[in-house]
Structures are given as C-alpha cells and as structure tokens.
>>> print(open('start-v8.cif').read())   # mmCIF, C-alpha atoms
data_entry
loop_
_atom_site.group_PDB
_atom_site.id
_atom_site.type_symbol
_atom_site.label_atom_id
_atom_site.label_comp_id
_atom_site.auth_asym_id
_atom_site.auth_seq_id
_atom_site.Cartn_x
_atom_site.Cartn_y
_atom_site.Cartn_z
ATOM 1 C CA MET A 1 -1.229 -41.015 -42.574
ATOM 2 C CA GLU A 2 -1.516 -37.647 -44.277
ATOM 3 C CA GLN A 3 -1.447 -39.176 -47.769
ATOM 4 C CA LEU A 4 -4.625 -41.116 -47.065
ATOM 5 C CA SER A 5 -6.331 -38.109 -45.518
ATOM 6 C CA SER A 6 -5.674 -35.982 -48.579
ATOM 7 C CA MET A 7 -6.906 -38.813 -50.816
ATOM 8 C CA GLU A 8 -10.163 -39.015 -48.861
ATOM 9 C CA LEU A 9 -10.642 -35.240 -48.987
ATOM 10 C CA PHE A 10 -10.049 -35.131 -52.741
ATOM 11 C CA VAL A 11 -12.444 -37.980 -53.508
ATOM 12 C CA ALA A 12 -15.069 -36.331 -51.295
ATOM 13 C CA GLY A 13 -14.701 -33.096 -53.261
ATOM 14 C CA ALA A 14 -13.457 -31.176 -50.232
ATOM 15 C CA ILE A 15 -10.212 -30.081 -51.936
ATOM 16 C CA SER A 16 -9.237 -29.352 -55.528
ATOM 17 C CA GLY A 17 -6.987 -31.517 -57.642
ATOM 18 C CA GLY A 18 -4.152 -29.025 -57.319
ATOM 19 C CA ASP A 19 -4.498 -28.814 -53.543
ATOM 20 C CA PHE A 20 -4.622 -32.607 -53.350
ATOM 21 C CA ALA A 21 -1.498 -32.980 -55.504
ATOM 22 C CA ARG A 22 0.503 -30.517 -53.422
ATOM 23 C CA ALA A 23 -0.622 -32.017 -50.093
ATOM 24 C CA TRP A 24 -0.123 -35.611 -51.200
ATOM 25 C CA LEU A 25 3.343 -35.012 -52.639
ATOM 26 C CA ARG A 26 4.390 -33.083 -49.524
ATOM 27 C CA ALA A 27 3.149 -35.941 -47.323
ATOM 28 C CA ARG A 28 4.961 -38.501 -49.479
ATOM 29 C CA ARG A 29 8.244 -36.600 -49.168
ATOM 30 C CA THR A 30 7.787 -36.397 -45.410
ATOM 31 C CA SER A 31 7.017 -40.107 -45.217
ATOM 32 C CA LEU A 32 10.067 -41.045 -47.282
ATOM 33 C CA ARG A 33 12.380 -38.744 -45.310
ATOM 34 C CA SER A 34 11.197 -40.192 -42.023
ATOM 35 C CA GLY A 35 11.829 -43.743 -43.230
ATOM 36 C CA GLU A 36 8.207 -44.790 -42.920
ATOM 37 C CA ARG A 37 7.687 -48.356 -44.105
ATOM 38 C CA VAL A 38 4.536 -49.860 -45.608
ATOM 39 C CA ARG A 39 3.702 -53.314 -46.861
ATOM 40 C CA GLU A 40 4.513 -53.928 -50.512
ATOM 41 C CA SER A 41 0.863 -54.132 -51.600
ATOM 42 C CA PHE A 42 0.094 -50.873 -49.766
ATOM 43 C CA GLY A 43 3.125 -49.197 -51.325
ATOM 44 C CA ARG A 44 2.146 -50.302 -54.832
ATOM 45 C CA LEU A 45 -1.228 -48.580 -54.484
ATOM 46 C CA LEU A 46 0.426 -45.396 -53.259
ATOM 47 C CA ASP A 47 2.825 -45.633 -56.189
ATOM 48 C CA CYS A 48 -0.176 -45.685 -58.551
ATOM 49 C CA VAL A 49 -1.207 -42.308 -57.156
ATOM 50 C CA PHE A 50 2.345 -41.006 -57.470
ATOM 51 C CA TYR A 51 2.576 -42.076 -61.117
ATOM 52 C CA ALA A 52 -0.811 -40.502 -61.834
ATOM 53 C CA LEU A 53 0.401 -37.234 -60.335
ATOM 54 C CA GLU A 54 3.349 -37.320 -62.737
ATOM 55 C CA GLU A 55 0.760 -37.154 -65.537
ATOM 56 C CA TYR A 56 -1.242 -34.354 -63.871
ATOM 57 C CA ALA A 57 -0.584 -30.634 -64.266
ATOM 58 C CA ILE A 58 -1.012 -29.051 -60.845
ATOM 59 C CA ASP A 59 -1.286 -25.618 -62.458
ATOM 60 C CA PRO A 60 -4.258 -25.716 -64.870
ATOM 61 C CA ALA A 61 -2.590 -23.029 -67.003
ATOM 62 C CA GLN A 62 0.197 -25.516 -67.765
ATOM 63 C CA ARG A 63 -2.105 -28.400 -68.670
ATOM 64 C CA GLU A 64 -1.280 -30.020 -72.000
ATOM 65 C CA ASP A 65 -3.037 -32.558 -74.190
ATOM 66 C CA GLY A 66 -2.654 -35.967 -72.615
ATOM 67 C CA ASP A 67 -2.387 -34.678 -69.040
ATOM 68 C CA LEU A 68 -4.813 -36.218 -66.582
ATOM 69 C CA THR A 69 -7.922 -34.207 -65.851
ATOM 70 C CA ASP A 70 -9.178 -33.691 -62.311
ATOM 71 C CA ALA A 71 -11.900 -36.278 -62.976
ATOM 72 C CA ALA A 72 -9.419 -38.871 -64.254
ATOM 73 C CA LEU A 73 -7.112 -38.243 -61.305
ATOM 74 C CA CYS A 74 -10.032 -38.564 -58.909
ATOM 75 C CA GLY A 75 -10.937 -41.926 -60.441
ATOM 76 C CA ILE A 76 -7.392 -43.221 -59.965
ATOM 77 C CA VAL A 77 -7.308 -41.996 -56.368
ATOM 78 C CA GLN A 78 -10.698 -43.541 -55.690
ATOM 79 C CA ASP A 79 -9.522 -46.876 -57.127
ATOM 80 C CA ALA A 80 -6.414 -46.711 -54.937
ATOM 81 C CA LEU A 81 -8.537 -46.051 -51.848
ATOM 82 C CA HIS A 82 -10.745 -49.032 -52.656
ATOM 83 C CA GLY A 83 -7.641 -51.166 -53.035
ATOM 84 C CA LEU A 84 -6.222 -49.927 -49.742
ATOM 85 C CA ARG A 85 -9.462 -50.702 -47.923
ATOM 86 C CA ALA A 86 -9.412 -54.226 -49.338
ATOM 87 C CA LEU A 87 -5.989 -54.980 -47.834
#
>>> encode(input="start-v8.cif", output="structure tokens")
Amino acid sequence: MEQLSSMELFVAGAISGGDFARAWLRARRTSLRSGERVRESFGRLLDCVFYALEEYAIDPAQREDGDLTDAALCGIVQDALHGLRAL
C-alpha cells in the first residue's frame, strides 16, 4: 500500500513533509477510486493522518499560525504507524 510506504519514508526522514503530503493524498485518492477496502480500525488510523494533513500547509510559504509543523505531522504519522503495527 503506497500510503504506508510514504508514511514510513516520512518518519525515516527520507522525504519532506510536503512530499509526504502530496504522495499520501495521491495514494489515498487512488485507493478510494479503486474501491480498496480496509478494516474499520485500519481505516480510522489512516483517517487520523488525513485529518492531520487538513491542518498542514503543504507549501511552507502558505503556513499560518495553528498549522501543523513538519515535526508535529511526523509525530502523528509515527503514532498512526505504531497503531497500524499493533493491529
């Protein structure tokens, strides 16, 4: 699953927050269009990442007070990965 791969790369520091956000959102759209199904608990964790990305400015020039920082986003993604591994 491309969403998980991009999460792993971001947490490992191999890609930037902006690159992660673009890749993850693209993979989510692809997954939804293809009708991919996941268990409810798995989907809830992916939704946490989606909601975090709604609070993240992909373009740093457009970042506003209250937007998630790269570090905060990374923490949320890392927590989601831990949750996914525990399933």
>>> residues_around(input="start-v8.cif", residues="stretch 45-53 of chain A", least_positions_apart="6", cutoff="9 Å", atoms="all atoms listed in the file", output="PyMOL selection string")
chain A and resi 3+21+24-25+28+68+73+76-77+79-81+83-84
>>> closest_residue(input="start-v8.cif", among="A:Ala57, A:Met7, A:Ile15, A:Ala86", to="A:Ala27", atoms="all atoms listed in the file")
A:Met7
>>> closest_residue(input="start-v8.cif", among="A:Arg85, A:Arg44, A:Ala71, A:Ser31", to="A:Phe10", atoms="only C-alpha atoms")
A:Ala71
>>> closest_residue(input="start-v8.cif", among="A:Glu40, A:Gln78, A:Gly35, A:Gly18", to="A:Pro60", atoms="all atoms listed in the file")
A:Gly18
>>> atom_distance(input="start-v8.cif", atom1="atom CA of A:Asp65", atom2="atom CA of A:Ala23")
24.2 Å
>>> axis_aligned_box(input="start-v8.cif", around="stretch 17-31 of chain A", padding_each_side="3 Å", output="lines of an AutoDock Vina configuration file")
center_x = 0.6
center_y = -34.5
center_z = -51.4
size_x = 21.2
size_y = 17.3
size_z = 18.4
>>> atom_distance(input="start-v8.cif", atom1="atom CA of A:Cys74", atom2="atom CA of A:Gly17")
7.8 Å
>>> closest_residue(input="start-v8.cif", among="A:Val11, A:Leu32, A:Val38, A:Leu87", to="A:Asp70", atoms="all atoms listed in the file")
A:Val11
>>> atom_distance(input="start-v8.cif", atom1="atom CA of A:Gly75", atom2="atom CA of A:Glu36")
26.1 Å
>>> closest_residue(input="start-v8.cif", among="A:Ala72, A:Ala14, A:Met1, A:Leu9", to="A:Tyr56", atoms="only C-alpha atoms")
A:Ala72
>>> build_atoms(input="start-v8.cif", residues="stretch 11-32 of chain A", atoms="N, CA and C atoms", output="CSV table (one decimal), keeping the file's coordinate frame")
chain,number,residue,atom,x,y,z
A,11,VAL,N,-11.3,-37.2,-53.0
A,11,VAL,CA,-12.4,-38.0,-53.5
A,11,VAL,C,-13.8,-37.4,-53.0
A,12,ALA,N,-13.8,-36.9,-51.8
A,12,ALA,CA,-15.1,-36.3,-51.3
A,12,ALA,C,-15.4,-35.0,-51.9
A,13,GLY,N,-14.5,-34.4,-52.7
A,13,GLY,CA,-14.7,-33.1,-53.3
A,13,GLY,C,-14.4,-31.9,-52.3
A,14,ALA,N,-13.7,-32.2,-51.2
A,14,ALA,CA,-13.5,-31.2,-50.2
A,14,ALA,C,-12.2,-30.3,-50.6
A,15,ILE,N,-11.4,-30.8,-51.5
A,15,ILE,CA,-10.2,-30.1,-51.9
A,15,ILE,C,-10.1,-30.3,-53.4
A,16,SER,N,-9.4,-29.3,-54.1
A,16,SER,CA,-9.2,-29.4,-55.5
A,16,SER,C,-8.1,-30.3,-55.9
A,17,GLY,N,-8.0,-30.6,-57.2
A,17,GLY,CA,-7.0,-31.5,-57.6
A,17,GLY,C,-5.6,-31.0,-57.4
A,18,GLY,N,-5.4,-29.7,-57.6
A,18,GLY,CA,-4.2,-29.0,-57.3
A,18,GLY,C,-3.8,-29.1,-55.8
A,19,ASP,N,-4.8,-28.8,-55.0
A,19,ASP,CA,-4.5,-28.8,-53.5
A,19,ASP,C,-4.2,-30.2,-53.1
A,20,PHE,N,-4.9,-31.2,-53.7
A,20,PHE,CA,-4.6,-32.6,-53.4
A,20,PHE,C,-3.2,-33.0,-53.8
A,21,ALA,N,-2.8,-32.6,-55.0
A,21,ALA,CA,-1.5,-33.0,-55.5
A,21,ALA,C,-0.4,-32.4,-54.6
A,22,ARG,N,-0.5,-31.1,-54.3
A,22,ARG,CA,0.5,-30.5,-53.4
A,22,ARG,C,0.6,-31.2,-52.1
A,23,ALA,N,-0.6,-31.4,-51.4
A,23,ALA,CA,-0.6,-32.0,-50.1
A,23,ALA,C,-0.1,-33.4,-50.1
A,24,TRP,N,-0.5,-34.2,-51.1
A,24,TRP,CA,-0.1,-35.6,-51.2
A,24,TRP,C,1.4,-35.7,-51.4
A,25,LEU,N,1.9,-35.0,-52.4
A,25,LEU,CA,3.3,-35.0,-52.6
A,25,LEU,C,4.2,-34.6,-51.4
A,26,ARG,N,3.7,-33.5,-50.7
A,26,ARG,CA,4.4,-33.1,-49.5
A,26,ARG,C,4.4,-34.2,-48.5
A,27,ALA,N,3.2,-34.9,-48.3
A,27,ALA,CA,3.1,-35.9,-47.3
A,27,ALA,C,4.0,-37.1,-47.7
A,28,ARG,N,4.1,-37.4,-49.0
A,28,ARG,CA,5.0,-38.5,-49.5
A,28,ARG,C,6.4,-38.2,-49.2
A,29,ARG,N,6.9,-37.0,-49.5
A,29,ARG,CA,8.2,-36.6,-49.2
A,29,ARG,C,8.5,-36.8,-47.7
A,30,THR,N,7.6,-36.3,-46.9
A,30,THR,CA,7.8,-36.4,-45.4
A,30,THR,C,7.9,-37.9,-45.0
A,31,SER,N,7.0,-38.7,-45.5
A,31,SER,CA,7.0,-40.1,-45.2
A,31,SER,C,8.3,-40.8,-45.6
A,32,LEU,N,8.8,-40.5,-46.8
A,32,LEU,CA,10.1,-41.0,-47.3
A,32,LEU,C,11.3,-40.6,-46.4
